[in-house]
>>> print(open('target.txt').read())   # compact mmCIF, C-alpha atoms and all ligand atoms
# COMPACT_ATOMS: atom_id res chain seq x y z
CA MET A 1 27.40 -52.72 24.77
CA SER A 2 26.83 -50.38 27.67
CA ASP A 3 23.86 -50.81 29.97
CA HIS A 4 20.90 -48.54 29.68
CA ALA A 5 20.89 -46.08 32.60
CA THR A 6 17.55 -45.71 34.34
CA PRO A 7 16.63 -42.29 35.77
CA LEU A 8 17.00 -43.41 39.40
CA ALA A 9 19.69 -46.12 39.13
CA GLN A 10 17.36 -48.68 40.78
CA ALA A 11 16.99 -46.56 43.91
CA ARG A 12 15.06 -48.12 46.77
CA SER A 13 13.97 -46.92 50.18
CA ASP A 14 12.40 -49.06 52.90
CA GLY A 15 10.07 -47.11 55.12
CA TYR A 16 6.64 -48.13 56.32
CA VAL A 17 5.93 -48.32 52.61
CA THR A 18 8.68 -49.45 50.23
CA VAL A 19 9.51 -46.96 47.49
CA ALA A 20 11.55 -48.31 44.57
CA GLU A 21 12.28 -47.47 40.99
CA ASP A 22 10.24 -49.72 38.70
CA ALA A 23 11.97 -51.90 36.14
CA PRO A 24 12.59 -49.90 32.93
CA ARG A 25 9.92 -50.24 30.24
CA ASP A 26 9.38 -48.90 26.76
CA MET A 27 6.59 -46.38 26.33
CA ILE A 28 4.62 -45.08 23.37
CA GLN A 29 2.50 -41.96 23.50
CA LEU A 30 -0.44 -42.03 21.11
CA LYS A 31 -2.68 -39.08 20.33
CA GLY A 32 -5.68 -39.53 18.10
CA ASP A 33 -9.41 -40.14 17.99
CA LEU A 34 -9.93 -42.77 20.71
CA SER A 35 -13.48 -43.45 19.51
CA ASP A 36 -12.15 -44.71 16.16
CA PRO A 37 -12.43 -48.55 16.09
CA GLY A 38 -9.40 -48.64 13.76
CA LEU A 39 -7.27 -46.94 16.41
CA ALA A 40 -8.54 -49.32 19.11
CA ASP A 41 -7.69 -52.27 16.86
CA ALA A 42 -4.16 -51.04 16.21
CA VAL A 43 -3.54 -50.43 19.91
CA GLU A 44 -4.96 -53.76 21.03
CA ARG A 45 -2.85 -55.57 18.47
CA ILE A 46 0.47 -54.20 19.77
CA ALA A 47 -0.36 -54.33 23.52
CA HIS A 48 -2.58 -57.46 23.56
CA ALA A 49 -4.68 -55.61 26.13
CA ALA A 50 -8.16 -54.14 25.80
CA MET A 51 -8.69 -50.48 24.95
CA PRO A 52 -9.19 -48.73 28.33
CA GLY A 53 -12.21 -46.52 29.03
CA PRO A 54 -11.87 -42.97 30.41
CA LEU A 55 -9.27 -42.80 33.23
CA GLY A 56 -8.79 -46.55 32.88
CA LEU A 57 -5.73 -48.78 32.82
CA SER A 58 -5.84 -52.15 31.09
CA THR A 59 -3.11 -54.74 31.32
CA SER A 60 -1.84 -57.89 29.68
CA ASP A 61 1.05 -60.14 30.72
CA SER A 62 3.69 -57.83 29.33
CA ALA A 63 2.00 -54.50 28.59
CA TRP A 64 -0.38 -51.89 29.89
CA ILE A 65 -2.42 -49.14 28.27
CA ALA A 66 -3.27 -46.01 30.26
CA TRP A 67 -6.01 -43.54 29.29
CA MET A 68 -4.31 -40.14 29.68
CA ALA A 69 -6.82 -37.72 28.10
CA PRO A 70 -9.86 -37.89 25.79
CA ASP A 71 -7.42 -37.98 22.87
CA GLU A 72 -4.33 -39.59 24.38
CA LEU A 73 -3.09 -43.02 25.47
CA LEU A 74 0.19 -44.15 27.00
CA ILE A 75 1.20 -47.66 26.01
CA SER A 76 3.87 -49.41 28.07
CA LEU A 77 5.71 -52.45 26.76
CA ALA A 78 8.58 -54.65 27.90
CA ARG A 79 12.01 -53.09 27.44
CA GLY A 80 13.16 -53.50 23.86
CA GLN A 81 9.71 -53.97 22.30
CA GLY A 82 8.93 -50.28 21.78
CA ALA A 83 10.59 -49.69 18.41
CA ASP A 84 8.88 -52.64 16.67
CA ALA A 85 5.54 -51.84 18.30
CA LEU A 86 5.81 -48.21 17.19
CA SER A 87 6.42 -49.15 13.56
CA SER A 88 3.51 -51.62 13.49
CA LEU A 89 1.32 -49.04 15.19
CA SER A 90 2.26 -46.37 12.63
CA ARG A 91 1.63 -48.82 9.80
CA ALA A 92 -1.77 -49.81 11.20
CA MET A 93 -2.76 -46.18 11.74
CA GLY A 94 -2.00 -45.38 8.10
CA ASP A 95 -3.54 -42.09 7.00
CA ARG A 96 -5.49 -41.57 10.23
CA HIS A 97 -4.75 -38.24 11.88
CA HIS A 98 -2.57 -39.20 14.85
CA LEU A 99 0.71 -38.77 16.68
CA ALA A 100 2.70 -41.79 17.85
CA LEU A 101 5.99 -41.25 19.66
CA ASP A 102 8.56 -43.40 21.40
CA VAL A 103 8.79 -41.78 24.85
CA SER A 104 10.62 -44.66 26.58
CA ASP A 105 13.27 -42.44 28.12
CA MET A 106 11.00 -39.55 28.99
CA ARG A 107 9.78 -40.71 32.38
CA ALA A 108 10.82 -42.12 35.72
CA ALA A 109 8.63 -44.90 37.12
CA ILE A 110 8.32 -45.56 40.83
CA ARG A 111 6.56 -48.40 42.61
CA LEU A 112 5.18 -48.24 46.15
CA GLU A 113 4.46 -51.41 48.13
CA GLY A 114 2.82 -51.70 51.51
CA ALA A 115 -0.46 -51.67 53.37
CA ALA A 116 -0.37 -47.85 53.62
CA VAL A 117 0.15 -46.95 49.95
CA ARG A 118 -3.05 -44.89 49.86
CA GLU A 119 -1.83 -42.85 52.81
CA ILE A 120 1.44 -42.00 51.04
CA LEU A 121 -0.46 -40.87 47.92
CA ALA A 122 -2.78 -38.77 50.09
CA LYS A 123 0.20 -37.04 51.70
CA VAL A 124 1.61 -35.77 48.41
CA ALA A 125 -1.26 -35.40 45.92
CA PRO A 126 -4.57 -33.43 46.02
CA ILE A 127 -6.64 -36.52 45.25
CA ASP A 128 -9.27 -38.53 47.07
CA ALA A 129 -6.99 -41.46 47.91
CA VAL A 130 -9.78 -43.19 49.87
CA THR A 131 -12.04 -43.71 46.86
CA LEU A 132 -9.44 -44.03 44.07
CA PRO A 133 -10.35 -47.36 42.41
CA VAL A 134 -7.70 -49.90 41.43
CA ASN A 135 -6.50 -49.50 37.83
CA THR A 136 -7.74 -45.92 37.56
CA VAL A 137 -5.13 -43.49 36.28
CA ARG A 138 -5.12 -40.17 38.07
CA ARG A 139 -2.98 -37.49 36.42
CA THR A 140 -2.33 -34.94 39.08
CA ARG A 141 0.25 -32.93 40.97
CA VAL A 142 2.72 -34.65 43.30
CA ALA A 143 3.88 -31.82 45.58
CA GLN A 144 5.22 -29.35 43.01
CA VAL A 145 5.36 -31.42 39.82
CA PRO A 146 2.97 -33.21 37.46
CA ALA A 147 2.68 -36.99 37.73
CA ALA A 148 0.31 -39.84 36.96
CA LEU A 149 -0.48 -42.43 39.58
CA TRP A 150 -2.60 -45.53 40.00
CA LEU A 151 -3.11 -48.54 42.22
CA SER A 152 -2.63 -51.99 40.71
CA GLY A 153 -3.80 -53.72 43.88
CA PRO A 154 -4.62 -52.91 47.51
CA ARG A 155 -0.93 -52.77 48.47
CA THR A 156 0.73 -51.53 45.27
CA ALA A 157 0.80 -48.07 43.75
CA HIS A 158 2.66 -46.72 40.72
CA VAL A 159 3.82 -43.17 40.09
CA ILE A 160 5.26 -41.94 36.79
CA CYS A 161 6.71 -38.48 36.27
CA PHE A 162 9.10 -36.70 33.95
CA ARG A 163 12.63 -38.06 34.15
CA SER A 164 14.02 -34.63 35.05
CA VAL A 165 12.01 -34.59 38.31
CA GLY A 166 12.38 -38.31 39.04
CA ARG A 167 14.81 -37.80 41.91
CA TYR A 168 12.59 -35.11 43.44
CA VAL A 169 9.54 -37.41 43.36
CA PHE A 170 11.50 -40.40 44.67
CA ASP A 171 12.90 -38.38 47.58
CA LEU A 172 9.49 -36.93 48.32
CA LEU A 173 7.82 -40.35 48.41
CA SER A 174 10.66 -41.87 50.48
CA LEU A 175 10.41 -39.04 53.01
CA SER A 176 6.63 -39.45 53.19
CA ALA A 177 7.06 -43.19 53.79
CA ARG A 178 9.73 -42.85 56.49
CA ARG A 179 9.04 -44.79 59.68
CA GLY A 180 7.64 -42.51 62.35
CA GLY A 181 5.53 -40.66 59.80
CA GLU A 182 2.57 -43.04 59.98
CA ILE A 183 -0.77 -41.26 60.25
CA GLY A 184 -3.00 -44.32 60.32
CA ALA A 185 -5.85 -42.54 58.61
CA PHE A 186 -6.39 -45.38 56.13
CA MET B 1 -10.36 -23.77 47.74
CA LEU B 2 -12.33 -24.33 44.54
CA ILE B 3 -13.22 -27.83 43.44
CA LEU B 4 -14.29 -28.17 39.79
CA ASP B 5 -15.25 -31.23 37.73
CA CYS B 6 -13.38 -31.40 34.43
CA PRO B 7 -16.07 -31.95 31.76
CA TYR B 8 -13.60 -33.74 29.46
CA CYS B 9 -12.02 -36.43 31.66
CA GLY B 10 -14.50 -36.41 34.54
CA VAL B 11 -11.90 -35.87 37.25
CA ARG B 12 -12.92 -33.86 40.30
CA CYS B 13 -10.09 -31.32 40.41
CA ASP B 14 -8.64 -29.36 43.21
CA GLU B 15 -7.97 -25.73 42.20
CA THR B 16 -4.21 -26.36 42.44
CA GLU B 17 -4.43 -28.86 39.56
CA LEU B 18 -5.92 -26.17 37.31
CA THR B 19 -4.67 -23.04 35.59
CA PRO B 20 -7.04 -20.06 35.60
CA GLY B 21 -7.75 -18.50 32.20
CA GLY B 22 -9.87 -15.49 33.15
CA GLU B 23 -13.21 -14.43 31.73
CA ALA B 24 -14.95 -16.83 29.34
CA HIS B 25 -16.94 -16.08 26.17
CA LEU B 26 -14.82 -13.17 24.94
CA THR B 27 -15.45 -12.02 21.39
CA ARG B 28 -12.19 -11.61 19.54
CA HIS B 29 -11.55 -8.27 17.90
CA GLY B 30 -8.43 -8.65 15.75
CA PRO B 31 -6.61 -6.60 13.10
CA GLY B 32 -8.88 -4.14 11.32
CA SER B 33 -11.29 -3.79 14.19
CA ASP B 34 -12.32 -0.56 15.81
CA ASP B 35 -9.78 0.81 18.39
CA ALA B 36 -12.30 0.77 21.23
CA ASP B 37 -13.33 -2.84 20.51
CA PHE B 38 -9.70 -3.90 20.21
CA GLU B 39 -8.82 -2.26 23.52
CA ARG B 40 -11.84 -3.85 25.21
CA TYR B 41 -10.91 -7.27 23.83
CA LEU B 42 -7.27 -6.98 24.96
CA PHE B 43 -7.59 -5.28 28.32
CA GLN B 44 -11.10 -4.95 29.70
CA ARG B 45 -12.41 -7.82 31.78
CA ARG B 46 -15.48 -8.29 33.90
CA ASN B 47 -14.76 -8.72 37.57
CA PRO B 48 -18.21 -9.07 39.12
CA ARG B 49 -19.21 -9.60 42.71
CA GLY B 50 -21.57 -12.38 41.84
CA VAL B 51 -22.04 -14.82 38.99
CA HIS B 52 -18.95 -15.20 36.82
CA LEU B 53 -18.20 -17.38 33.80
CA GLU B 54 -14.53 -18.34 33.63
CA ARG B 55 -12.03 -20.38 31.63
CA TRP B 56 -9.95 -22.99 33.40
CA ARG B 57 -7.39 -25.46 32.10
CA HIS B 58 -6.97 -28.96 33.55
CA ALA B 59 -3.22 -28.35 33.46
CA TYR B 60 -2.04 -31.20 35.70
CA GLY B 61 -4.50 -33.66 34.15
CA CYS B 62 -5.95 -34.10 30.67
CA GLY B 63 -4.73 -30.65 29.57
CA LYS B 64 -8.07 -29.43 28.21
CA TRP B 65 -9.55 -25.95 28.55
CA PHE B 66 -13.08 -25.84 29.95
CA HIS B 67 -15.57 -23.29 31.27
CA ALA B 68 -16.91 -22.91 34.80
CA ALA B 69 -19.79 -20.88 36.20
CA ARG B 70 -19.41 -19.82 39.82
CA HIS B 71 -20.34 -17.12 42.30
CA THR B 72 -17.35 -14.99 43.33
CA VAL B 73 -18.78 -14.07 46.73
CA THR B 74 -20.42 -17.28 47.94
CA MET B 75 -17.98 -19.48 45.97
CA GLN B 76 -20.95 -21.60 44.86
CA VAL B 77 -20.11 -23.56 41.70
CA PHE B 78 -23.05 -23.75 39.27
CA GLY B 79 -21.26 -26.18 36.99
CA THR B 80 -18.58 -26.71 34.37
CA TYR B 81 -19.01 -27.21 30.63
CA PRO B 82 -16.90 -27.81 27.51
CA ALA B 83 -15.29 -24.80 25.84
CA GLN B 84 -16.72 -25.48 22.35
CA THR B 85 -19.63 -23.10 22.85
CA THR B 86 -20.32 -19.37 22.68
CA GLU B 87 -22.77 -19.30 25.56
CA PRO B 88 -23.44 -21.26 28.76
CA PRO B 89 -25.69 -24.33 28.28
CA ALA B 90 -29.32 -24.24 29.44
CA ASP B 91 -28.84 -26.45 32.52
CA ILE B 92 -26.09 -24.15 33.83
CA VAL B 93 -28.24 -21.05 33.22
CA GLU B 94 -31.10 -22.73 35.07
CA ARG B 95 -28.90 -23.45 38.09
CA ILE B 96 -27.59 -19.86 38.12
CA ARG B 97 -31.15 -18.48 37.97
CA ALA B 98 -32.18 -20.68 40.85
CA SER B 99 -29.88 -18.63 43.06
CA ASP B 100 -30.02 -15.31 41.16
CA PRO B 101 -33.36 -15.06 39.27
CA ASP B 102 -32.43 -11.77 37.52
CA TRP B 103 -29.18 -13.01 36.01
CA THR B 104 -28.86 -12.97 32.23
CA PHE B 105 -25.91 -13.98 30.10
CA GLY B 106 -23.68 -11.07 29.03
CA ASP B 107 -25.12 -8.75 31.64
CA ASP B 108 -22.91 -9.32 34.67
CA THR B 109 -20.70 -6.22 34.46
ZN ZN C 201 -9.59 -33.15 32.55
>>> encode(input="target.txt", output="structure tokens")
Amino acid sequence: MSDHATPLAQARSDGYVTVAEDAPRDMIQLKGDLSDPGLADAVERIAHAAMPGPLGLSTSDSAWIAWMAPDELLISLARGQGADALSSLSRAMGDRHHLALDVSDMRAAIRLEGAAVREILAKVAPIDAVTLPVNTVRRTRVAQVPAALWLSGPRTAHVICFRSVGRYVFDLLSLSARRGGEIGAF
Amino acid sequence: MLILDCPYCGVRCDETELTPGGEAHLTRHGPGSDDADFERYLFQRRNPRGVHLERWRHAYGCGKWFHAARHTVTMQVFGTYPAQTTEPPADIVERIRASDPDWTFGDDT
């Protein structure tokens, strides 16, 4: 069997912040009424993580759930678990008005590591990178393209974007993290 | 640069994360309507020097359309509110009147 190609072929760049493609994961997009306890139940059962509040990200050992909009979640699971999770989710949702889609190959995922991760985000996105709390998902613009980003700790940030612009975002972040480009504002 | 709070997701948005949608609270005049009304609905828009109610879409974020009340000369933002309404909510009207006591809804041509 051939290997699954990731959008960035495990690219990595070591600047004053390390920029690297994240390990591939399966992803499910779910649209529906997030205030419905039945939906929350179904989601928690496949991700084993709590239903996130607005703009929140909740995690378990092997999954995370990101709040993307008042009627949309993105559920990320270990590679290979998406198909089974999607069918149990669809079964649990039953007749509820919803949309559940396997979007595993739709996005590129990039991880940033280093003391200055907030500075790199501030260089490329129109967000308040000083006050962005950990595990808060900010959907925004990264230079010219849409992306979602969040911090999972004081030194780690994650950026996801459409696969088609993955190389653009990776190059942009690598350039912003190149040694010599330190601002020291954070 | 405009900064608006999205009333759906709560994010404080930079103007570049939003798509402008023009004048808010238009009444649709569709097939069968009077020619003058139809023309006004399709082509005529208010463009006041002063208080303006507009539609904006949180395009790079949650994707929702919302309304914003702002002053086109001073750039003061009176507030944002969900689009599921035919008129601006009372708290927004109150804030507009605090700076322009004569303002009334529908009368800013
Ligand atoms: Zn929003």
>>> closest_residue(input="target.txt", among="B:Glu54, B:Glu94, B:Glu15, B:Glu87", to="His71 of chain B", atoms="all atoms listed in the file")
B:Glu54
>>> residues_near_ligand(input="target.txt", ligand="ligand ZN 201 (chain C)", cutoff="7 Å", atoms="all atoms listed in the file", output="PyMOL selection string")
(chain A and resi 69) or (chain B and resi 6-11+58+61-64)
>>> closest_residue(input="target.txt", among="B:Met1, B:Leu42, B:Val51, B:Ala98", to="chain A", atoms="only C-alpha atoms")
B:Met1
>>> residues_around(input="target.txt", residues="Val77 of chain B", least_positions_apart="3", cutoff="10 Å", atoms="only C-alpha atoms", output="list in words")
Leu2, Ile3, Leu4, Asp5, Val51, His52, Ala68, Ala69, Arg70, His71, Thr72, Thr74, Thr80, Ile92, Arg95 and Ile96 of chain B
>>> residues_around(input="target.txt", residues="segment 145-148 of chain A", least_positions_apart="5", cutoff="9 Å", atoms="all atoms listed in the file", output="list of chain:residue names")
A:Met68, A:Val137, A:Arg138, A:Arg139, A:Thr140, A:His158, A:Val159, A:Ile160, A:Cys161, A:Phe162, A:Val165, A:Tyr168, A:Val169, B:Glu17, B:Ala59, B:Tyr60, B:Gly61
>>> closest_residue(input="target.txt", among="A:Ala85, A:Asp61, A:Asp71, A:Arg163", to="Arg45 of chain A", atoms="all atoms listed in the file")
A:Ala85
>>> atom_distance(input="target.txt", atom1="atom CA of Asp22 of chain A", atom2="atom CA of Leu175 of chain A")
17.9 Å
>>> atom_distance(input="target.txt", atom1="atom CA of Ile183 of chain A", atom2="atom CA of Ser13 of chain A")
18.7 Å
>>> residues_around(input="target.txt", residues="Pro52 of chain A", least_positions_apart="5", cutoff="12 Å", atoms="all atoms listed in the file", output="PyMOL selection string")
chain A and resi 34-35+40+43-44+47+57-60+64-70+72-75+135-137
>>> atom_distance(input="target.txt", atom1="atom CA of Tyr81 of chain B", atom2="atom CA of Arg57 of chain B")
11.8 Å
>>> closest_residue(input="target.txt", among="B:Arg12, B:Phe78, B:Arg45, B:Trp56", to="Thr27 of chain B", atoms="only C-alpha atoms")
B:Arg45
>>> residues_around(input="target.txt", residues="Ala11 of chain A", least_positions_apart="4", cutoff="10 Å", atoms="all atoms listed in the file", output="list in words")
Thr6, Pro7, Val19, Ala20, Glu21, Asp22, Ile110, Arg167, Phe170 and Asp171 of chain A
